[in-house]
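K.L.:
Structure file start_20.cif (mmCIF, C-alpha atoms) right here:
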```cif
data_model
#
loop_
_atom_site.label_atom_id
_atom_site.label_comp_id
_atom_site.auth_asym_id
_atom_site.auth_seq_id
_atom_site.Cartn_x
_atom_site.Cartn_y
_atom_site.Cartn_z
CA MET A 26 0.00 0.00 0.00
CA GLY A 27 1.34 3.42 -0.98
CA PHE A 28 -0.13 6.86 -0.54
CA ASN A 29 -3.90 7.10 -0.10
CA LEU A 30 -4.72 9.80 -2.66
CA ILE A 31 -8.12 11.23 -3.53
CA GLY A 32 -9.02 13.88 -6.09
CA VAL A 33 -8.88 17.56 -5.21
CA ASP A 34 -12.28 19.25 -4.96
CA THR A 35 -13.02 20.87 -8.32
CA VAL A 36 -15.42 23.70 -9.20
CA GLU A 37 -15.99 26.12 -12.07
CA GLU A 38 -16.84 29.06 -9.79
CA ILE A 39 -17.19 29.74 -6.07
CA ASP A 40 -18.28 32.61 -3.82
CA LYS A 41 -16.05 34.17 -1.17
CA ARG A 42 -17.96 32.94 1.88
CA THR A 43 -17.96 29.32 0.67
CA PHE A 44 -14.30 29.52 -0.31
CA GLN A 45 -13.26 30.94 3.08
CA GLU A 46 -15.38 28.57 5.18
CA GLU A 47 -14.85 25.35 3.25
CA TYR A 48 -11.28 25.73 1.96
CA VAL A 49 -9.22 28.54 3.56
CA LYS A 50 -10.11 27.88 7.21
CA PRO A 51 -9.79 24.07 7.07
CA ARG A 52 -6.72 24.28 4.78
CA ARG A 53 -8.26 22.29 1.93
CA PRO A 54 -6.94 22.59 -1.65
CA LEU A 55 -9.31 23.51 -4.47
CA LEU A 56 -9.07 23.43 -8.26
CA ILE A 57 -11.04 26.12 -10.11
CA LYS A 58 -11.36 25.05 -13.72
CA GLN A 59 -10.72 27.60 -16.48
CA TYR A 60 -10.47 30.48 -14.01
CA ALA A 61 -8.06 32.40 -16.27
CA LYS A 62 -10.51 32.56 -19.19
CA ARG A 63 -11.46 36.01 -17.89
CA TRP A 64 -7.85 37.23 -18.23
CA LYS A 65 -6.19 38.76 -21.29
CA ALA A 66 -3.33 36.39 -20.54
CA TYR A 67 -5.48 33.34 -21.30
CA GLU A 68 -4.95 33.67 -25.05
CA LYS A 69 -2.17 36.27 -25.10
CA TRP A 70 0.53 34.47 -23.14
CA THR A 71 1.74 32.05 -25.77
CA PRO A 72 5.33 30.76 -25.85
CA GLU A 73 6.01 32.91 -28.92
CA TYR A 74 4.70 36.04 -27.19
CA LEU A 75 6.83 35.49 -24.09
CA LYS A 76 9.87 34.90 -26.28
CA SER A 77 9.21 38.18 -28.10
CA ILE A 78 9.32 40.24 -24.90
CA CYS A 79 11.97 38.43 -22.88
CA GLY A 80 13.80 36.10 -25.26
CA GLU A 81 17.30 37.54 -24.80
CA LYS A 82 17.29 37.13 -21.02
CA THR A 83 19.67 34.46 -19.69
CA VAL A 84 17.82 32.32 -17.14
CA PRO A 85 19.08 29.84 -14.49
CA LEU A 86 17.70 26.32 -14.93
CA TYR A 87 17.10 23.49 -12.46
CA ASP A 88 16.85 19.74 -13.01
CA ASN A 89 15.54 16.66 -11.19
CA SER A 90 18.83 15.77 -9.53
CA LYS A 91 19.17 15.62 -5.77
CA ALA A 92 20.51 18.79 -4.13
CA ASP A 93 24.31 18.94 -3.90
CA PRO A 94 25.28 19.55 -0.23
CA SER A 95 28.37 21.49 -1.34
CA LYS A 96 26.21 24.10 -3.11
CA PRO A 97 23.82 26.74 -1.76
CA ILE A 98 20.12 25.95 -1.48
CA ASN A 99 18.36 26.31 -4.86
CA ALA A 100 21.64 26.35 -6.82
CA SER A 101 20.92 26.08 -10.55
CA ALA A 102 22.17 23.26 -12.77
CA THR A 103 22.82 25.35 -15.88
CA SER A 104 21.55 28.42 -17.78
CA MET A 105 20.53 29.45 -21.30
CA LEU A 106 18.75 32.17 -23.21
CA PHE A 107 15.04 32.26 -22.39
CA ARG A 108 14.04 31.94 -26.07
CA ASP A 109 16.18 28.82 -26.47
CA TYR A 110 14.72 27.31 -23.32
CA ILE A 111 11.13 27.93 -24.51
CA ASP A 112 11.96 26.27 -27.84
CA LEU A 113 13.38 23.30 -25.95
CA ILE A 114 10.40 22.61 -23.68
CA CYS A 115 7.92 23.14 -26.52
CA SER A 116 9.59 20.53 -28.71
CA LEU A 117 11.27 17.94 -26.49
CA PRO A 118 10.98 16.33 -23.04
CA SER A 119 13.36 18.02 -20.61
CA GLU A 120 14.08 17.88 -16.89
CA LEU A 121 15.03 21.55 -16.98
CA ARG A 122 12.73 24.08 -15.33
CA ILE A 123 12.78 27.73 -14.32
CA PHE A 124 12.20 28.40 -10.65
CA PHE A 125 10.72 31.73 -9.43
CA PHE A 126 11.32 33.63 -12.69
CA GLU A 127 10.60 37.34 -12.00
CA ILE A 128 9.52 37.96 -15.57
CA PHE A 129 7.30 40.91 -14.55
CA LYS A 130 10.34 42.97 -13.59
CA GLU A 131 11.72 42.36 -17.08
CA ALA A 132 8.36 42.95 -18.80
CA PRO A 133 6.03 44.99 -16.54
CA GLN A 134 3.42 45.22 -19.32
CA LEU A 135 2.44 41.66 -18.40
CA LEU A 136 0.94 43.01 -15.17
CA ASN A 137 -1.99 44.32 -17.22
CA ASP A 138 -2.92 40.84 -18.44
CA TYR A 139 -4.15 39.20 -15.22
CA GLU A 140 -5.93 40.04 -11.95
CA ASN A 141 -5.57 38.67 -8.44
CA PRO A 142 -8.60 36.58 -7.40
CA SER A 143 -9.58 39.30 -4.93
CA GLU A 144 -13.25 38.35 -5.18
CA ILE A 145 -12.49 35.30 -3.01
CA MET A 146 -9.27 36.28 -1.18
CA SER A 147 -7.55 39.40 0.19
CA GLY A 148 -4.01 40.18 1.31
CA PHE A 149 -2.09 39.43 -1.90
CA LEU A 150 1.65 39.85 -1.40
CA ASP A 151 3.71 40.37 -4.49
CA LYS A 152 3.78 43.45 -6.67
CA PHE A 153 5.79 41.37 -9.11
CA PRO A 154 4.61 37.73 -8.92
CA SER A 155 6.75 34.87 -10.16
CA MET A 156 6.38 32.40 -12.98
CA PHE A 157 7.48 28.78 -13.19
CA PHE A 158 8.39 26.88 -16.36
CA GLY A 159 9.07 23.19 -16.91
CA GLY A 160 9.69 20.68 -19.66
CA LYS A 161 7.86 17.37 -19.97
CA GLY A 162 9.28 15.10 -17.28
CA SER A 163 10.56 17.84 -14.98
CA ARG A 164 9.56 17.66 -11.32
CA VAL A 165 9.27 20.05 -8.40
CA PHE A 166 10.44 18.25 -5.26
CA LEU A 167 8.06 17.82 -2.33
CA HIS A 168 8.02 20.94 -0.15
CA TYR A 169 5.90 23.68 1.34
CA ASP A 170 6.62 27.39 0.94
CA ILE A 171 8.88 28.69 3.67
CA ASP A 172 7.00 31.95 4.33
CA LEU A 173 3.65 30.09 4.60
CA PRO A 174 1.51 32.03 2.11
CA HIS A 175 -1.66 30.84 0.44
CA ILE A 176 -0.78 30.05 -3.18
CA PHE A 177 -2.99 30.46 -6.25
CA GLN A 178 -1.19 28.90 -9.20
CA VAL A 179 -2.61 29.32 -12.69
CA GLN A 180 -1.37 26.99 -15.42
CA PHE A 181 -0.64 27.99 -19.05
CA HIS A 182 0.32 25.99 -22.14
CA GLY A 183 0.66 22.50 -20.76
CA LYS A 184 -0.51 20.01 -18.19
CA LYS A 185 0.93 18.89 -14.89
CA ARG A 186 0.15 16.51 -12.05
CA VAL A 187 0.07 17.92 -8.52
CA ILE A 188 0.09 15.90 -5.29
CA LEU A 189 -0.63 17.62 -1.96
CA PHE A 190 -0.38 16.67 1.72
CA ASP A 191 -1.51 18.30 4.95
CA GLN A 192 1.08 19.50 7.51
CA LYS A 193 0.07 16.73 9.92
CA TRP A 194 1.92 14.22 7.73
CA SER A 195 5.27 16.08 7.84
CA LYS A 196 7.21 13.47 9.82
CA ARG A 197 5.72 10.60 7.80
CA LEU A 198 6.84 12.41 4.62
CA TYR A 199 10.46 12.35 5.88
CA ARG A 200 10.70 16.08 6.42
CA LEU A 201 14.31 17.23 6.76
CA PRO A 202 15.06 19.13 10.01
CA PHE A 203 15.42 22.93 9.76
CA SER A 204 13.81 22.76 6.30
CA THR A 205 10.48 22.96 4.51
CA TYR A 206 11.26 20.14 2.10
CA ALA A 207 11.36 16.36 2.31
CA LEU A 208 13.93 13.67 1.71
CA GLU A 209 14.55 13.54 -2.04
CA ASP A 210 15.39 9.82 -2.12
CA TYR A 211 11.88 8.60 -2.93
CA GLU A 212 9.64 9.13 -5.93
CA VAL A 213 6.50 10.92 -4.78
CA ALA A 214 4.58 9.69 -7.82
CA ASN A 215 5.63 6.07 -7.20
CA PRO A 216 7.12 5.65 -3.70
CA ASP A 217 9.09 2.58 -2.61
CA ILE A 218 7.15 1.64 0.51
CA GLU A 219 9.52 -1.17 1.49
CA LYS A 220 12.39 1.30 1.67
CA PHE A 221 10.29 4.15 3.10
CA PRO A 222 7.59 2.44 5.19
CA ALA A 223 6.33 5.62 6.87
CA LEU A 224 4.80 6.70 3.56
CA ALA A 225 2.32 3.81 3.61
CA GLY A 226 -1.19 5.08 4.18
CA VAL A 227 -0.32 8.78 4.18
CA GLU A 228 -3.41 10.61 2.94
CA GLY A 229 -3.21 13.25 0.25
CA THR A 230 -4.95 14.74 -2.74
CA GLU A 231 -4.00 14.93 -6.40
CA CYS A 232 -5.17 16.75 -9.49
CA PHE A 233 -4.23 17.40 -13.10
CA VAL A 234 -3.94 21.09 -13.91
CA GLU A 235 -4.38 22.34 -17.49
CA HIS A 236 -4.28 25.62 -19.40
CA GLY A 237 -6.42 28.22 -17.60
CA ASP A 238 -6.98 26.20 -14.41
CA MET A 239 -6.22 27.78 -11.02
CA LEU A 240 -5.10 25.57 -8.14
CA TYR A 241 -5.46 26.89 -4.59
CA ILE A 242 -2.73 25.53 -2.28
CA PRO A 243 -3.41 26.52 1.34
CA SER A 244 -0.72 27.88 3.65
CA GLY A 245 1.69 25.18 4.79
CA VAL A 246 0.37 22.44 2.50
CA TRP A 247 3.05 20.16 1.04
CA HIS A 248 3.08 20.02 -2.76
CA TYR A 249 4.83 18.02 -5.46
CA MET A 250 4.50 18.82 -9.17
CA GLU A 251 5.29 16.82 -12.28
CA TYR A 252 5.11 18.39 -15.74
CA LEU A 253 3.28 16.00 -18.05
CA GLU A 254 3.79 18.49 -20.91
CA GLY A 255 6.05 21.47 -21.34
CA GLY A 256 4.35 24.53 -19.89
CA PHE A 257 4.37 27.39 -17.40
CA ALA A 258 2.36 28.91 -14.57
CA ILE A 259 1.96 32.16 -12.66
CA SER A 260 2.00 31.95 -8.87
CA LEU A 261 -0.07 34.48 -6.88
CA ARG A 262 0.48 34.54 -3.12
CA ALA A 263 -1.60 35.91 -0.24
CA TRP A 264 -0.97 36.22 3.50
CA ASP A 265 -2.81 33.99 5.91
CA SER A 266 -4.99 35.99 8.33
CA SER A 267 -3.52 34.21 11.36
CA ILE A 268 -0.92 36.21 13.32
CA ALA A 269 0.66 32.94 14.47
CA THR A 270 1.13 31.81 10.86
CA LYS A 271 2.73 35.15 9.93
CA ILE A 272 5.14 34.88 12.89
CA ASN A 273 5.97 31.28 12.00
CA GLY A 274 6.68 32.28 8.40
CA LEU A 275 8.89 35.15 9.56
CA TYR A 276 10.79 32.78 11.87
CA ASN A 277 11.32 30.34 8.99
CA LEU A 278 12.78 33.11 6.83
CA THR A 279 14.94 34.93 9.38
CA VAL A 280 16.07 32.21 11.78
CA MET A 281 15.54 28.69 10.47
CA ARG A 282 16.74 29.28 6.90
CA LYS A 283 19.80 31.26 8.00
CA LEU A 284 20.73 28.62 10.57
CA ASP A 285 20.28 25.88 7.99
CA SER A 286 22.43 27.74 5.44
CA PHE A 287 25.15 28.40 8.03
CA LEU A 288 25.33 24.75 9.12
CA LYS A 289 25.35 23.60 5.50
CA THR A 290 28.21 25.99 4.70
CA GLN A 291 30.22 24.86 7.70
CA PHE A 292 29.65 21.10 7.58
CA LYS A 293 28.44 20.42 4.02
CA GLY A 294 27.94 16.69 3.40
CA LYS A 295 28.16 15.72 7.07
CA TYR A 296 25.34 18.10 7.92
CA MET A 297 23.16 16.81 5.07
CA ASP A 298 23.83 13.23 6.13
CA PHE A 299 22.72 14.17 9.65
CA LYS A 300 19.52 15.79 8.37
CA GLU A 301 18.65 12.78 6.24
CA ARG A 302 19.36 10.39 9.10
CA MET A 303 17.11 12.43 11.42
CA ALA A 304 14.35 12.53 8.80
CA VAL A 305 14.37 8.72 8.61
CA GLU A 306 14.49 8.31 12.40
CA ASN A 307 11.62 10.77 12.92
CA ALA A 308 9.54 9.02 10.26
CA GLU A 309 10.14 5.58 11.74
CA ARG A 310 9.38 6.86 15.22
CA SER A 311 6.09 8.30 14.03
CA ILE A 312 4.79 4.88 12.97
CA ARG A 313 6.00 2.91 15.98
#
```
Show this structure as structure tokens.

P.N.:
Amino acid sequence: MGFNLIGVDTVEEIDKRTFQEEYVKPRRPLLIKQYAKRWKAYEKWTPEYLKSICGEKTVPLYDNSKADPSKPINASATSMLFRDYIDLICSLPSELRIFFFEIFKEAPQLLNDYENPSEIMSGFLDKFPSMFFGGKGSRVFLHYDIDLPHIFQVQFHGKKRVILFDQKWSKRLYRLPFSTYALEDYEVANPDIEKFPALAGVEGTECFVEHGDMLYIPSGVWHYMEYLEGGFAISLRAWDSSIATKINGLYNLTVMRKLDSFLKTQFKGKYMDFKERMAVENAERSIR
């Protein structure tokens, strides 16, 4: 027995009161189909259009390989011109993806092509939101966002599979100490339960997100993404109303992450071995 996954709740529209009571407060994910049809971006943001406005920008690229303990967190694998990367993911499978691309700083005119879903949520954070790109076969490792925002991710030009888990399963997911990500040694889409027994029976949700769909990922929810086709998404983020959640997110950014980076710099592979060992011990302890 592996993960116990059910489908994410899916709607075509929803009112604010229902959204807040049934999804935000209980921290339940929701897929809103074809939400972006109301945006100019829905038809305008084609690969060719994005290449025309930002094609000469050199972008850092990430792959599916396990993090190198000798390198900083989120160190890129390689880089290339944005137009060449778009051509690559539109024509061939590729593990390469762009992580937190601040394309709106390069092309602020794009800000006119979308709107925050303020009719169901308030407190949106970023003046310049980020975009994420991936080739067919690329994966985003299992994690939750360190500053604990609510995430509204809208997919364009492509399809991806998303698997989500509640915070209560953190130890069973082999969470690494002082981190908001999990052990990278198992395949989330097809876990080896004999090797990682704590994963057996962990409950989660999954969905398949296509062009125009908006996926709501509540604050602190673990998420894993696999690009089934080359594509890209915009990520809109909003604060949680809880003061405790804001303080926890601030602690993660200012204390936990800096401590983790310092220990990694000082002890490199030994520190990462310690973290992985503790993740396994905590997971095994949680099922005893």

K.L.:
Which of these, A:Ile128, A:Met239, A:Ala304, A:Ile114, has the shortest distance to Leu253 of chain A once you count only C-alpha atoms?

P.N.:
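Among the listed residues, A:Ile114 lies closest to Leu253 of chain A.
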
K.L.:
Would you write out, as a PyMOL selection string, every residue that the PyMOL selection byres ((chain A and resi 143-159) around 8) captures in this file?

P.N.:
chain A and resi 39-42+44-45+114+119-130+136+140-142+160-161+163-164+252+255-265

K.L.:
Run the PyMOL selection byres ((chain A and resi 222) around 12) against the file shown and list the residues it catches, as an NGL selection string.

P.N.:
:A and (26-28 or 196-199 or 211 or 216-221 or 223-227 or 305-306 or 308-313)

K.L.:
How many Å separate atom CA of Ser244 of chain A from atom CA of Ser266 of chain A?

P.N.:
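Separating atom CA of Ser244 of chain A from atom CA of Ser266 of chain A is a distance of 10.3 Å.
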
K.L.:
Ranking A:Ile171, A:Leu201, A:Leu117, A:Ala207 by minimum distance to Tyr296 of chain A and counting all atoms listed in the file, which one comes first?

P.N.:
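The closest residue to Tyr296 of chain A is A:Leu201.
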
K.L.:
Neighbouring residues of segment 67-82 of chain A were defined as those with any atom within 10 Å, considering only C-alpha atoms; residues of the same chain fewer than 4 positions away were excluded. Please report them as number ranges by chain.

P.N.:
A: 59-63, 105-112, 114-115, 128-129, 131-132, 134-135, 138-139, 179-182, 236-237, 256-257

K.L.:
Just the number, please: distance in Å from atom CA of Arg186 of chain A to atom CA of Met250 of chain A, one decimal.

P.N.:
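Those two atoms sit 5.7 Å apart.
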
K.L.:
Go through A:Leu30, A:Val246, A:Ile188, A:Ala100 and flag the residue nearest Pro174 of chain A, using all atoms listed in the file for the distances.

P.N.:
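Using all atoms listed in the file, the shortest distance to Pro174 of chain A belongs to A:Val246.
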
K.L.:
Would you mind reading off the distance between atom CA of Asn89 of chain A and atom CA of Ala102 of chain A, one decimal, in Å?

P.N.:
9.5 Å

K.L.:
Can you sort out the box for segment 294-298 of chain A, edges along x, y and z, all listed atoms in, 6 Å on every side, with centre and edge lengths in Å to one decimal, as lines of an AutoDock Vina configuration file?

P.N.:
```
center_x = 25.7
center_y = 15.7
center_z = 5.7
size_x = 17.0
size_y = 16.9
size_z = 16.5
```

K.L.:
Which residue, A:Trp247, A:Tyr206, A:Phe166, A:Phe177, has the smallest gap to Lys193 of chain A when you use only C-alpha atoms?

P.N.:
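Selected residue with least distance to Lys193 of chain A: A:Trp247.
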
K.L.:
Looking at only C-alpha atoms, which of A:Leu55, A:Val234, A:Leu189, A:Leu167 is the one that sits closest to Glu209 of chain A?

P.N.:
A:Leu167

K.L.:
I would like the residues chosen by the PyMOL selection byres ((chain A and resi 51) around 12) on the shown file; could you give them as a PyMOL selection string?

P.N.:
chain A and resi 43-50+52-55+191-192+242-246

K.L.:
Dump C-alpha atoms for the selected residues as a CSV table (one decimal), in the frame of the given file?

P.N.:
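Heads up, here's the output in selection.csv:
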```csv
chain,number,residue,atom,x,y,z
A,43,THR,CA,-18.0,29.3,0.7
A,44,PHE,CA,-14.3,29.5,-0.3
A,45,GLN,CA,-13.3,30.9,3.1
A,46,GLU,CA,-15.4,28.6,5.2
A,47,GLU,CA,-14.8,25.4,3.2
A,48,TYR,CA,-11.3,25.7,2.0
A,49,VAL,CA,-9.2,28.5,3.6
A,50,LYS,CA,-10.1,27.9,7.2
A,52,ARG,CA,-6.7,24.3,4.8
A,53,ARG,CA,-8.3,22.3,1.9
A,54,PRO,CA,-6.9,22.6,-1.6
A,55,LEU,CA,-9.3,23.5,-4.5
A,191,ASP,CA,-1.5,18.3,5.0
A,192,GLN,CA,1.1,19.5,7.5
A,242,ILE,CA,-2.7,25.5,-2.3
A,243,PRO,CA,-3.4,26.5,1.3
A,244,SER,CA,-0.7,27.9,3.6
A,245,GLY,CA,1.7,25.2,4.8
A,246,VAL,CA,0.4,22.4,2.5
```

K.L.:
Tell me which of A:Ala92, A:Asp172, A:Glu228, A:Val84 sits closest to Thr279 of chain A, counting only C-alpha atoms.

P.N.:
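Of all the options, A:Asp172 lies closest to Thr279 of chain A.
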
K.L.:
Which polymer residues have any atom within 7 Å of an atom of Gly32 of chain A, counting all atoms listed in the file, with same-chain residues fewer than 5 positions away left out, as JSON, numbers by chain?

P.N.:
{"A": [230, 231, 232]}

K.L.:
Would you kindly return, as a PDB file with C-alpha atoms, in the frame of the given file, each protein, DNA or RNA residue with an atom no farther than 7 Å from any atom of Gly274 of chain A, considering all atoms listed in the file and excluding same-chain residues fewer than 3 positions away?

P.N.:
```pdb
ATOM      1  CA  ILE A 171       8.880  28.690   3.670  1.00  0.00           C
ATOM      2  CA  ASP A 172       7.000  31.950   4.330  1.00  0.00           C
ATOM      3  CA  LEU A 173       3.650  30.090   4.600  1.00  0.00           C
ATOM      4  CA  THR A 270       1.130  31.810  10.860  1.00  0.00           C
ATOM      5  CA  LYS A 271       2.730  35.150   9.930  1.00  0.00           C
ATOM      6  CA  ASN A 277      11.320  30.340   8.990  1.00  0.00           C
ATOM      7  CA  LEU A 278      12.780  33.110   6.830  1.00  0.00           C
TER       8      LEU A 278
END
```
